[in-house]
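Student: See target.tsv below, with TSV, C-alpha atoms and all ligand atoms.
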```tsv
chain	number	residue	atom	x	y	z
J	1	MET	CA	33.85	110.68	130.06
J	2	LEU	CA	32.30	111.16	126.61
J	3	GLY	CA	29.92	114.07	126.01
J	4	ILE	CA	27.09	113.37	123.56
J	5	LEU	CA	25.10	116.20	121.98
J	6	GLY	CA	21.60	114.81	121.50
J	7	GLY	CA	19.78	112.39	123.75
J	8	GLY	CA	17.56	110.32	121.45
J	9	GLN	CA	17.79	106.60	120.75
J	10	LEU	CA	21.13	107.04	118.97
J	11	GLY	CA	22.63	108.69	122.04
J	12	ARG	CA	21.08	106.00	124.20
J	13	MET	CA	22.67	103.16	122.18
J	14	LEU	CA	25.96	105.09	122.00
J	15	ALA	CA	25.93	105.48	125.79
J	16	LEU	CA	25.25	101.75	126.22
J	17	ALA	CA	28.26	100.91	124.02
J	18	ALA	CA	30.50	103.44	125.78
J	19	HIS	CA	29.58	102.00	129.16
J	20	ASP	CA	30.72	98.55	127.96
J	21	LEU	CA	34.15	100.11	127.40
J	22	GLY	CA	34.12	101.50	130.92
J	23	VAL	CA	33.49	104.99	129.60
J	24	ALA	CA	30.91	107.15	131.32
J	25	THR	CA	28.75	109.48	129.23
J	26	ARG	CA	26.97	112.79	129.67
J	27	CYS	CA	24.21	113.52	127.14
J	28	TRP	CA	22.77	116.93	126.28
J	29	ASP	CA	19.27	117.33	124.96
J	30	GLU	CA	16.73	120.14	124.79
J	31	GLN	CA	14.02	117.82	126.15
J	32	ALA	CA	14.04	116.61	129.76
J	33	ASP	CA	12.41	113.29	128.78
J	34	ALA	CA	15.04	112.37	126.14
J	35	VAL	CA	15.51	108.59	126.27
J	36	ALA	CA	19.31	108.62	126.57
J	37	GLY	CA	18.58	110.00	130.05
J	38	HIS	CA	17.53	106.49	131.12
J	39	ILE	CA	21.13	105.33	130.59
J	40	SER	CA	23.26	108.42	131.12
J	41	PRO	CA	23.19	111.64	133.13
J	42	LEU	CA	21.20	114.11	131.00
J	43	HIS	CA	22.06	117.77	130.69
J	44	VAL	CA	19.02	119.79	129.60
J	45	ASP	CA	19.53	123.15	127.91
J	46	ARG	CA	18.98	124.88	124.57
J	47	PHE	CA	21.61	124.22	121.92
J	48	ASP	CA	21.30	127.65	120.32
J	49	ALA	CA	21.71	129.80	123.44
J	50	PRO	CA	23.22	127.74	126.24
J	51	SER	CA	23.89	129.44	129.54
J	52	LYS	CA	27.61	129.89	130.25
J	53	ALA	CA	27.39	128.25	133.67
J	54	LYS	CA	25.52	125.23	132.28
J	55	LEU	CA	28.02	124.85	129.41
J	56	ASP	CA	30.88	124.86	131.95
J	57	ALA	CA	29.10	122.16	133.92
J	58	PHE	CA	28.50	120.06	130.79
J	59	LEU	CA	32.13	120.24	129.68
J	60	ASP	CA	33.62	119.54	133.10
J	61	GLY	CA	35.70	116.33	132.94
J	62	LEU	CA	34.87	115.43	129.32
J	63	ALA	CA	37.60	113.74	127.25
J	64	ALA	CA	35.75	114.49	123.99
J	65	VAL	CA	32.37	115.62	122.68
J	66	THR	CA	30.44	113.93	119.88
J	67	THR	CA	26.99	114.33	118.36
J	68	GLU	CA	24.09	111.98	117.76
J	69	TRP	CA	21.97	114.71	116.10
J	70	GLU	CA	23.40	116.36	113.00
J	71	ASN	CA	21.60	119.66	113.45
J	72	VAL	CA	23.40	120.78	116.59
J	73	PRO	CA	24.35	124.43	115.84
J	74	VAL	CA	27.88	124.59	114.42
J	75	ALA	CA	28.48	127.68	116.60
J	76	LEU	CA	28.09	125.51	119.73
J	77	LEU	CA	30.52	122.91	118.35
J	78	GLU	CA	33.02	125.67	117.62
J	79	THR	CA	32.63	127.11	121.12
J	80	ILE	CA	33.31	123.69	122.63
J	81	ALA	CA	36.34	123.12	120.38
J	82	ALA	CA	37.69	126.57	121.33
J	83	ARG	CA	37.48	125.51	124.96
J	84	GLY	CA	40.02	122.78	124.17
J	85	VAL	CA	37.65	119.80	124.28
J	86	PRO	CA	38.05	117.67	121.12
J	87	VAL	CA	34.87	117.73	119.01
J	88	ARG	CA	34.61	114.55	116.90
J	89	PRO	CA	33.45	114.69	114.15
J	90	ASN	CA	34.78	118.24	113.67
J	91	PRO	CA	32.48	121.29	113.36
J	92	ALA	CA	33.32	121.90	109.67
J	93	ALA	CA	32.28	118.32	108.80
J	94	LEU	CA	28.97	118.92	110.56
J	95	ARG	CA	28.46	122.19	108.69
J	96	THR	CA	28.76	120.34	105.37
J	97	ALA	CA	26.59	117.42	106.44
J	98	GLN	CA	23.84	119.76	107.70
J	99	ASP	CA	23.24	121.23	104.26
J	100	ARG	CA	22.09	119.13	101.30
J	101	LEU	CA	23.61	121.65	98.89
J	102	LEU	CA	27.07	121.67	100.53
J	103	GLU	CA	27.18	117.87	100.72
J	104	LYS	CA	26.20	117.48	97.05
J	105	GLN	CA	28.87	120.04	96.08
J	106	LEU	CA	31.44	118.11	98.11
J	107	ALA	CA	30.49	114.80	96.49
J	108	GLU	CA	30.65	116.37	93.04
J	109	ARG	CA	34.08	117.88	93.78
J	110	LEU	CA	35.28	114.40	94.83
J	111	GLY	CA	34.11	112.89	91.52
J	112	ILE	CA	31.20	110.98	93.11
J	113	ALA	CA	28.07	110.66	90.93
J	114	VAL	CA	25.21	112.89	92.15
J	115	PRO	CA	21.75	113.54	90.68
J	116	ALA	CA	21.42	116.78	88.69
J	117	TYR	CA	20.64	119.48	91.26
J	118	ALA	CA	20.13	123.22	91.63
J	119	PRO	CA	19.54	125.52	94.62
J	120	ALA	CA	16.51	127.84	94.87
J	121	ASN	CA	15.70	130.65	97.30
J	122	SER	CA	12.58	132.14	95.70
J	123	ARG	CA	9.57	131.10	93.62
J	124	ASP	CA	11.22	132.31	90.42
J	125	GLU	CA	14.42	130.48	91.24
J	126	LEU	CA	12.43	127.35	92.00
J	127	ALA	CA	10.73	127.52	88.57
J	128	SER	CA	14.05	127.94	86.79
J	129	ALA	CA	15.79	125.29	88.93
J	130	ILE	CA	13.06	122.78	88.06
J	131	ALA	CA	13.37	123.68	84.38
J	132	ARG	CA	17.13	123.17	84.57
J	133	VAL	CA	17.07	119.88	86.53
J	134	GLY	CA	14.11	118.44	84.61
J	135	LEU	CA	10.96	116.55	85.61
J	136	PRO	CA	10.23	114.57	87.63
J	137	CYS	CA	12.27	116.05	90.46
J	138	VAL	CA	12.39	116.13	94.23
J	139	VAL	CA	12.39	119.52	95.94
J	140	LYS	CA	13.88	119.46	99.43
J	141	THR	CA	14.71	121.93	102.16
J	142	ARG	CA	18.50	122.26	102.31
J	143	ARG	CA	18.43	121.90	106.07
J	144	PHE	CA	16.46	120.19	108.85
J	145	GLY	CA	14.72	117.62	106.65
J	146	TYR	CA	14.60	114.05	107.91
J	147	ASP	CA	12.48	110.94	107.33
J	148	GLY	CA	11.11	112.46	104.11
J	149	LYS	CA	9.94	115.64	105.87
J	150	GLY	CA	10.52	118.87	103.97
J	151	GLN	CA	10.29	117.16	100.58
J	152	PHE	CA	7.98	117.48	97.60
J	153	ILE	CA	7.97	115.51	94.35
J	154	CYS	CA	7.18	117.55	91.25
J	155	ARG	CA	6.04	115.42	88.30
J	156	VAL	CA	4.75	118.18	86.01
J	157	MET	CA	5.40	121.92	85.90
J	158	ASP	CA	1.87	122.50	87.26
J	159	ASP	CA	3.03	121.00	90.58
J	160	LEU	CA	5.03	124.17	91.17
J	161	ASP	CA	2.18	125.93	93.00
J	162	ALA	CA	1.57	123.06	95.41
J	163	CYS	CA	5.32	122.66	95.92
J	164	TRP	CA	5.71	126.36	96.69
J	165	ALA	CA	2.74	126.21	99.08
J	166	ALA	CA	4.40	123.30	100.91
J	167	LEU	CA	8.02	124.47	100.98
J	168	GLY	CA	8.02	128.17	100.05
J	169	ALA	CA	8.17	129.28	103.68
J	170	ALA	CA	11.53	127.51	103.98
J	171	ALA	CA	12.92	128.89	100.72
J	172	SER	CA	14.38	132.21	101.68
J	173	GLY	CA	16.20	133.56	104.66
J	174	ASP	CA	19.27	132.76	106.66
J	175	ASN	CA	20.65	129.33	105.76
J	176	ALA	CA	21.83	128.80	109.34
J	177	ARG	CA	18.16	128.92	110.34
J	178	GLY	CA	17.09	126.58	107.60
J	179	GLY	CA	16.64	128.86	104.59
J	180	GLY	CA	17.02	127.52	101.08
J	181	LEU	CA	15.74	124.73	98.87
J	182	ILE	CA	17.46	122.26	96.60
J	183	VAL	CA	15.91	120.71	93.51
J	184	GLU	CA	17.18	117.22	92.64
J	185	ALA	CA	16.48	115.07	89.61
J	186	PHE	CA	14.30	112.09	90.53
J	187	VAL	CA	16.59	109.05	90.50
J	188	ARG	CA	15.14	105.85	89.05
J	189	PHE	CA	16.95	103.57	91.43
J	190	THR	CA	16.76	99.79	91.56
J	191	ARG	CA	17.21	99.91	95.34
J	192	GLU	CA	18.49	102.12	98.12
J	193	VAL	CA	21.71	101.17	99.87
J	194	SER	CA	23.94	102.70	102.52
J	195	ILE	CA	27.46	102.22	103.69
J	196	ILE	CA	28.44	102.77	107.29
J	197	ALA	CA	32.07	103.71	107.76
J	198	VAL	CA	34.26	104.82	110.64
J	199	ARG	CA	37.49	106.80	110.68
J	200	GLY	CA	39.77	107.03	113.70
J	201	VAL	CA	41.91	109.90	114.95
J	202	ASP	CA	44.92	108.32	113.17
J	203	GLY	CA	43.04	108.08	109.85
J	204	ASP	CA	42.41	104.32	110.17
J	205	THR	CA	39.20	103.76	108.17
J	206	ARG	CA	36.91	100.75	108.23
J	207	THR	CA	33.59	99.93	106.65
J	208	TRP	CA	30.80	97.51	107.38
J	209	PRO	CA	29.15	95.43	104.63
J	210	LEU	CA	26.87	97.38	102.28
J	211	VAL	CA	23.28	97.62	103.54
J	212	GLU	CA	20.09	97.38	101.44
J	213	ASN	CA	17.31	99.61	102.78
J	214	VAL	CA	13.56	99.79	102.24
J	215	HIS	CA	11.76	103.07	102.96
J	216	ALA	CA	8.06	103.85	103.08
J	217	GLU	CA	6.66	107.37	103.42
J	218	GLY	CA	10.26	108.60	103.66
J	219	ILE	CA	10.97	106.51	106.78
J	220	LEU	CA	13.40	103.58	106.89
J	221	ARG	CA	11.43	100.37	107.47
J	222	ARG	CA	13.99	97.60	107.14
J	223	SER	CA	17.64	96.99	106.37
J	224	VAL	CA	19.48	93.86	105.23
J	225	ALA	CA	23.24	93.31	105.21
J	226	PRO	CA	25.22	92.33	103.30
J	227	ALA	CA	23.12	93.68	100.43
J	228	ALA	CA	22.68	91.00	97.75
J	229	GLY	CA	25.14	90.65	94.87
J	230	THR	CA	27.48	93.33	96.04
J	231	VAL	CA	31.15	92.54	95.47
J	232	ALA	CA	31.52	95.35	92.93
J	233	ARG	CA	29.06	97.65	94.70
J	234	GLN	CA	30.83	97.11	98.05
J	235	ALA	CA	34.10	98.33	96.54
J	236	GLU	CA	32.35	101.28	94.88
J	237	ALA	CA	30.60	102.28	98.12
J	238	GLU	CA	33.77	101.91	100.19
J	239	LYS	CA	35.61	104.16	97.79
J	240	ILE	CA	32.88	106.82	98.11
J	241	ALA	CA	32.91	106.60	101.91
J	242	ARG	CA	36.70	106.89	102.10
J	243	LEU	CA	36.76	109.90	99.78
J	244	VAL	CA	34.18	111.69	101.94
J	245	LEU	CA	35.78	110.76	105.28
J	246	ASP	CA	39.24	111.87	104.17
J	247	ALA	CA	37.99	115.11	102.59
J	248	LEU	CA	36.18	116.05	105.81
J	249	GLU	CA	39.08	114.88	108.04
J	250	TYR	CA	36.29	113.07	109.77
J	251	VAL	CA	36.55	111.20	113.07
J	252	GLY	CA	33.73	108.85	114.03
J	253	VAL	CA	30.99	106.92	112.23
J	254	LEU	CA	29.42	108.34	109.08
J	255	ALA	CA	26.72	106.85	106.87
J	256	VAL	CA	26.50	107.49	103.13
J	257	GLU	CA	23.04	106.93	101.65
J	258	LEU	CA	23.19	105.89	98.01
J	259	PHE	CA	20.86	105.02	95.16
J	260	ASP	CA	21.78	101.85	93.27
J	261	THR	CA	21.09	102.30	89.57
J	262	LEU	CA	21.87	100.48	86.33
J	263	ASP	CA	24.69	103.03	85.88
J	264	GLY	CA	26.22	102.53	89.32
J	265	LEU	CA	25.83	104.14	92.72
J	266	ILE	CA	24.51	107.69	92.99
J	267	PHE	CA	25.11	109.80	96.10
J	268	ASN	CA	22.03	110.86	98.07
J	269	GLU	CA	23.24	112.21	101.39
J	270	ILE	CA	25.55	111.71	104.31
J	271	ALA	CA	24.62	111.36	107.95
J	272	PRO	CA	27.44	112.50	110.25
J	273	ARG	CA	26.65	110.05	113.02
J	274	VAL	CA	25.64	106.51	113.83
J	275	HIS	CA	22.77	105.63	111.52
J	276	ASN	CA	19.51	103.72	111.61
J	277	SER	CA	20.68	101.50	108.74
J	278	GLY	CA	23.61	100.38	110.92
J	279	HIS	CA	21.61	99.16	113.93
J	280	TRP	CA	21.99	95.50	112.86
J	281	THR	CA	25.73	95.79	113.69
J	282	ILE	CA	24.83	95.51	117.40
J	283	ASN	CA	23.98	91.83	116.98
J	284	ALA	CA	25.86	90.81	113.82
J	285	SER	CA	29.26	92.52	113.83
J	286	VAL	CA	32.41	91.96	115.85
J	287	THR	CA	32.22	95.69	116.65
J	288	SER	CA	28.98	97.65	116.39
J	289	GLN	CA	28.73	101.11	114.85
J	290	PHE	CA	28.06	102.47	118.34
J	291	GLU	CA	31.17	100.94	119.91
J	292	ASN	CA	33.36	102.09	117.02
J	293	HIS	CA	31.92	105.60	117.16
J	294	ALA	CA	32.77	105.77	120.88
J	295	ARG	CA	36.24	104.36	120.20
J	296	ALA	CA	36.88	106.90	117.44
J	297	ALA	CA	35.56	109.86	119.45
J	298	LEU	CA	37.85	108.94	122.34
J	299	GLY	CA	40.91	108.40	120.13
J	300	LEU	CA	41.00	104.65	120.86
J	301	PRO	CA	41.93	101.95	118.30
J	302	LEU	CA	39.01	100.93	116.09
J	303	GLY	CA	37.35	97.50	116.36
J	304	ASP	CA	36.94	94.84	113.70
J	305	THR	CA	33.89	95.58	111.51
J	306	SER	CA	33.56	92.00	110.16
J	307	MET	CA	30.42	89.93	110.57
J	308	LEU	CA	30.57	87.58	113.58
J	309	HIS	CA	30.69	84.71	111.06
J	310	PRO	CA	31.79	85.00	107.42
J	311	ARG	CA	28.44	84.10	105.86
J	312	LEU	CA	26.17	85.70	108.44
J	313	ALA	CA	23.14	87.57	107.06
J	314	ALA	CA	21.72	90.37	109.22
J	315	GLY	CA	18.44	92.23	109.16
J	316	MET	CA	16.80	95.07	111.03
J	317	ILE	CA	13.12	95.94	111.22
J	318	ASN	CA	12.12	99.37	112.54
J	319	LEU	CA	9.25	99.66	115.02
J	320	ILE	CA	7.39	102.81	114.07
J	321	GLY	CA	4.40	104.44	115.76
J	322	THR	CA	3.25	101.50	117.88
J	323	MET	CA	5.09	98.73	119.68
J	324	PRO	CA	4.21	95.14	118.83
J	325	ASP	CA	3.41	92.63	121.54
J	326	ARG	CA	6.68	92.16	123.42
J	327	ALA	CA	6.21	88.48	124.32
J	328	ALA	CA	5.23	87.60	120.73
J	329	ILE	CA	8.39	89.21	119.35
J	330	LEU	CA	10.64	87.67	121.99
J	331	SER	CA	9.30	84.18	121.28
J	332	ALA	CA	9.44	84.58	117.48
J	333	CYS	CA	11.91	82.43	115.51
J	334	GLY	CA	12.74	80.31	118.54
J	335	GLY	CA	13.76	83.43	120.47
J	336	ALA	CA	16.19	84.67	117.80
J	337	ALA	CA	14.58	88.09	117.35
J	338	LYS	CA	16.56	90.69	119.29
J	339	LEU	CA	14.28	93.47	120.50
J	340	HIS	CA	15.76	96.93	121.04
J	341	ASP	CA	13.09	99.06	122.74
J	342	TYR	CA	13.99	102.73	123.11
J	343	ALA	CA	11.38	103.17	125.88
J	344	LYS	CA	9.73	106.09	124.06
J	345	ALA	CA	6.11	107.17	124.27
J	346	PRO	CA	4.24	105.88	121.16
J	347	ARG	CA	3.34	108.49	118.56
J	348	PRO	CA	2.46	108.07	114.86
J	349	GLY	CA	5.58	107.99	112.70
J	350	ARG	CA	7.93	107.90	115.70
J	351	LYS	CA	10.82	105.40	115.80
J	352	LEU	CA	10.17	103.43	119.01
J	353	GLY	CA	12.58	100.55	118.62
J	354	HIS	CA	13.95	97.98	116.23
J	355	ILE	CA	14.31	94.24	115.91
J	356	ASN	CA	17.58	92.66	114.80
J	357	LEU	CA	17.75	89.21	113.24
J	358	THR	CA	20.68	87.12	112.07
J	359	ALA	CA	20.69	83.94	110.01
J	360	SER	CA	23.19	81.61	108.37
J	361	ASN	CA	22.09	82.63	104.87
J	362	PRO	CA	19.95	85.27	103.11
J	363	GLU	CA	17.01	82.89	102.51
J	364	HIS	CA	16.71	82.00	106.20
J	365	LEU	CA	17.00	85.69	107.07
J	366	ALA	CA	14.21	86.59	104.63
J	367	SER	CA	11.84	84.05	106.17
J	368	ALA	CA	12.69	85.13	109.72
J	369	MET	CA	12.07	88.78	108.82
J	370	ALA	CA	8.76	87.87	107.16
J	371	ALA	CA	7.72	85.91	110.27
J	372	VAL	CA	8.50	88.86	112.54
J	373	GLU	CA	6.82	91.38	110.24
J	374	ALA	CA	3.69	89.21	110.19
J	375	LEU	CA	3.61	89.41	113.99
J	376	MET	CA	3.85	93.17	113.82
J	377	GLY	CA	0.63	93.31	111.86
J	378	HIS	CA	2.16	95.40	109.09
J	379	ARG	CA	4.43	94.23	106.30
J	380	GLU	CA	6.22	96.77	104.20
J	381	GLY	CA	7.81	96.65	100.80
S	1	LIG	P1	16.32	111.73	101.98
S	1	LIG	O1	15.81	112.44	103.20
S	1	LIG	O2	17.06	112.61	101.06
S	1	LIG	O3	17.09	110.49	102.32
S	1	LIG	O4	15.02	111.25	101.19
S	1	LIG	C1	14.09	110.32	101.76
S	1	LIG	C2	13.69	109.31	100.71
S	1	LIG	O5	13.07	109.96	99.59
S	1	LIG	C3	14.86	108.55	100.13
S	1	LIG	O6	15.23	107.46	100.94
S	1	LIG	C4	14.29	108.11	98.78
S	1	LIG	O7	13.43	107.01	98.94
S	1	LIG	C5	13.46	109.31	98.37
S	1	LIG	N1	14.28	110.24	97.56
S	1	LIG	C6	15.03	111.26	98.03
S	1	LIG	N2	15.68	111.90	97.04
S	1	LIG	C7	15.35	111.28	95.90
S	1	LIG	C8	15.70	111.47	94.52
S	1	LIG	N3	16.53	112.46	94.12
S	1	LIG	N4	15.18	110.60	93.62
S	1	LIG	C9	14.34	109.61	94.00
S	1	LIG	N5	13.95	109.40	95.27
S	1	LIG	C10	14.45	110.21	96.22
```
Before we go any further, please render this structure as structure tokens.
Tutor:
Amino acid sequence: MLGILGGGQLGRMLALAAHDLGVATRCWDEQADAVAGHISPLHVDRFDAPSKAKLDAFLDGLAAVTTEWENVPVALLETIAARGVPVRPNPAALRTAQDRLLEKQLAERLGIAVPAYAPANSRDELASAIARVGLPCVVKTRRFGYDGKGQFICRVMDDLDACWAALGAAASGDNARGGGLIVEAFVRFTREVSIIAVRGVDGDTRTWPLVENVHAEGILRRSVAPAAGTVARQAEAEKIARLVLDALEYVGVLAVELFDTLDGLIFNEIAPRVHNSGHWTINASVTSQFENHARAALGLPLGDTSMLHPRLAAGMINLIGTMPDRAAILSACGGAAKLHDYAKAPRPGRKLGHINLTASNPEHLASAMAAVEALMGHREG
């Protein structure tokens, strides 16, 4: 049985893939209505102060524990590892991936291009960090930011007051509780890409084709793979992913988010888990990111990450805030649109599901995605 810390849609899809391998799952979430609970037994407790008896019950019979939420307290991961249950990826890898400063320092140490950056823990430090990094810049909380939350773009020095008003509360204090800011130079990227990679217990490492991503309001809207014109970029991204995976002695799936620029790829951040920009692998790859993450976590051989057909083009459209008409989506493109509904209550900005599409070439994929987006009543990018 595989233990999964976190019970959102990622845990739900991971549980589905594990069950196909004949592996039972037990998910842990702080919320009793977490959607992985529809698929898997759900253990409900706090992550930061679990009761001893409940932790014993969660760990009973588990072959390994993995995470679908990167902010699980490292102390809990260490406690589980000390109990002799393999934690994959390892707690130290999670510690690095939880902190934008630590992950940028790691990338820099590995010779990976990063934007100019500087940490700041007070208003004065923020002013000098912005002066050092230059304008425009993006100020982010080091921890707990996601989907563009906890971020502020400063274009001129006069933006400092508004930036401090927005993020100052998160600036100081204990980093384990989210203290600290990082100032990053604003990258003038041509597009955003990501590479999903997996590393097994034996060090076997595989990557999926490079993904091109479109965000709006900090939230991923759509992904296309393979990203266009990418032979050189694929090699560059794979090299980055392998450097990070090996340095962290990582086991499982990891996503590296990158900015594509005229000067090459620039590191943005890593996600130590299955990733939204890898959801298309469910319908387009020989082995999905979810299946390979389960395989890796359990110490099983990794699956082939190739496309189902050599020239297959794959796309993913996120369903955010409201669900489109189910019958309209299912009948779109002659029934080719694959709906993945997480069965969540609708809420503005919430990821409720996604639609995967595949086509025999990028042009056909683009028209299928446009047709589906038109049905959704909102077209992005
Ligand atoms: P993040 O949470 O770091 O992935 O940031 C969310 C989104 O904000 C990214 O996908 C980019 O679109 C944008 N963004 C983040 N950092 C930068 C940066 N240094 N320069 C330009 N845009 C950025």
Student: Check every protein, DNA and RNA residue against ligand LIG 1 (chain S), keep those with an atom at most 8 Å away (counting all atoms listed in the file), and present them as a PyMOL selection string.
Tutor: chain J and resi 115+137-138+140+145-149+151+184-189+192+214-220+257+268-269
Student: Show me, as a tab-separated table, the residues of range 123-224 of chain J having an atom within 12 Å of range 363-368 of chain J, each with the closest atom pair and its distance in Å, using all atoms listed in the file.
Tutor:
```
residue	atom	partner	partner_atom	distance
J:Arg222	CA	J:Ala366	CA	11.3
J:Ser223	CA	J:Ala366	CA	11.1
J:Val224	CA	J:Leu365	CA	8.7
```
Student: When distances are computed from all atoms listed in the file, which of J:Leu14, J:Leu135, J:Leu300, J:Ala235 shows the smallest separation from Arg199 in chain J?
Tutor: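 Smallest separation from Arg199 in chain J among the options: J:Leu300.
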Student: Report, in Å with one decimal, the straight-line distance from CA of Ile182 in chain J to CA of Ala162 in chain J.
Tutor: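 Pair CA of Ile182 in chain J / CA of Ala162 in chain J returns 16.0 Å.
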Student: If you count all atoms listed in the file, which residues fall within 9 Å of Ser288 in chain J, apart from same-chain ones fewer than 5 positions away, as a ChimeraX atom specification?
Tutor: /J:17,278-283,293,303-305
Student: Compare J:Leu42, J:Ile266, J:Ala75, J:Met307 by their minimum atom-to-atom distance to Ala225 in chain J, counting only C-alpha atoms, and give me the closest one.
Tutor: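 Smallest distance to Ala225 in chain J is found for J:Met307.
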Student: Complete the atom set of range 72-78 of chain J to all heavy atoms and return it as a PDB file, in the frame of the given file.
Tutor:
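In the end it all went to rebuild39.pdb:
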```
ATOM      1  N   VAL J  72      22.854 119.964 115.507  1.00  0.00           N
ATOM      2  CA  VAL J  72      23.400 120.780 116.590  1.00  0.00           C
ATOM      3  C   VAL J  72      24.063 122.009 115.956  1.00  0.00           C
ATOM      4  O   VAL J  72      24.807 121.879 114.977  1.00  0.00           O
ATOM      5  CB  VAL J  72      24.459 119.967 117.379  1.00  0.00           C
ATOM      6  CG1 VAL J  72      25.189 120.859 118.369  1.00  0.00           C
ATOM      7  CG2 VAL J  72      23.811 118.788 118.091  1.00  0.00           C
ATOM      8  N   PRO J  73      23.768 123.229 116.462  1.00  0.00           N
ATOM      9  CA  PRO J  73      24.350 124.430 115.840  1.00  0.00           C
ATOM     10  C   PRO J  73      25.884 124.338 115.786  1.00  0.00           C
ATOM     11  O   PRO J  73      26.528 124.019 116.783  1.00  0.00           O
ATOM     12  CB  PRO J  73      23.901 125.561 116.753  1.00  0.00           C
ATOM     13  CG  PRO J  73      22.699 125.042 117.471  1.00  0.00           C
ATOM     14  CD  PRO J  73      22.890 123.566 117.595  1.00  0.00           C
ATOM     15  N   VAL J  74      26.422 124.650 114.599  1.00  0.00           N
ATOM     16  CA  VAL J  74      27.880 124.590 114.420  1.00  0.00           C
ATOM     17  C   VAL J  74      28.565 125.559 115.386  1.00  0.00           C
ATOM     18  O   VAL J  74      29.660 125.285 115.889  1.00  0.00           O
ATOM     19  CB  VAL J  74      28.245 124.890 112.946  1.00  0.00           C
ATOM     20  CG1 VAL J  74      29.749 125.023 112.778  1.00  0.00           C
ATOM     21  CG2 VAL J  74      27.708 123.780 112.048  1.00  0.00           C
ATOM     22  N   ALA J  75      27.887 126.693 115.678  1.00  0.00           N
ATOM     23  CA  ALA J  75      28.480 127.680 116.600  1.00  0.00           C
ATOM     24  C   ALA J  75      28.762 127.040 117.969  1.00  0.00           C
ATOM     25  O   ALA J  75      29.791 127.317 118.595  1.00  0.00           O
ATOM     26  CB  ALA J  75      27.554 128.881 116.755  1.00  0.00           C
ATOM     27  N   LEU J  76      27.868 126.172 118.434  1.00  0.00           N
ATOM     28  CA  LEU J  76      28.090 125.510 119.730  1.00  0.00           C
ATOM     29  C   LEU J  76      29.294 124.559 119.642  1.00  0.00           C
ATOM     30  O   LEU J  76      30.135 124.525 120.544  1.00  0.00           O
ATOM     31  CB  LEU J  76      26.823 124.742 120.147  1.00  0.00           C
ATOM     32  CG  LEU J  76      26.962 123.898 121.417  1.00  0.00           C
ATOM     33  CD1 LEU J  76      27.342 124.750 122.619  1.00  0.00           C
ATOM     34  CD2 LEU J  76      25.678 123.117 121.704  1.00  0.00           C
ATOM     35  N   LEU J  77      29.384 123.820 118.533  1.00  0.00           N
ATOM     36  CA  LEU J  77      30.520 122.910 118.350  1.00  0.00           C
ATOM     37  C   LEU J  77      31.834 123.685 118.341  1.00  0.00           C
ATOM     38  O   LEU J  77      32.835 123.257 118.925  1.00  0.00           O
ATOM     39  CB  LEU J  77      30.364 122.117 117.048  1.00  0.00           C
ATOM     40  CG  LEU J  77      29.089 121.278 116.934  1.00  0.00           C
ATOM     41  CD1 LEU J  77      28.953 120.702 115.535  1.00  0.00           C
ATOM     42  CD2 LEU J  77      29.105 120.159 117.959  1.00  0.00           C
ATOM     43  N   GLU J  78      31.801 124.853 117.684  1.00  0.00           N
ATOM     44  CA  GLU J  78      33.020 125.670 117.620  1.00  0.00           C
ATOM     45  C   GLU J  78      33.391 126.224 118.991  1.00  0.00           C
ATOM     46  O   GLU J  78      34.566 126.286 119.354  1.00  0.00           O
ATOM     47  CB  GLU J  78      32.826 126.804 116.594  1.00  0.00           C
ATOM     48  CG  GLU J  78      32.877 126.268 115.166  1.00  0.00           C
ATOM     49  CD  GLU J  78      32.464 127.286 114.104  1.00  0.00           C
ATOM     50  OE1 GLU J  78      31.719 128.235 114.445  1.00  0.00           O
ATOM     51  OE2 GLU J  78      32.879 127.114 112.938  1.00  0.00           O
TER      52      GLU J  78
END
```
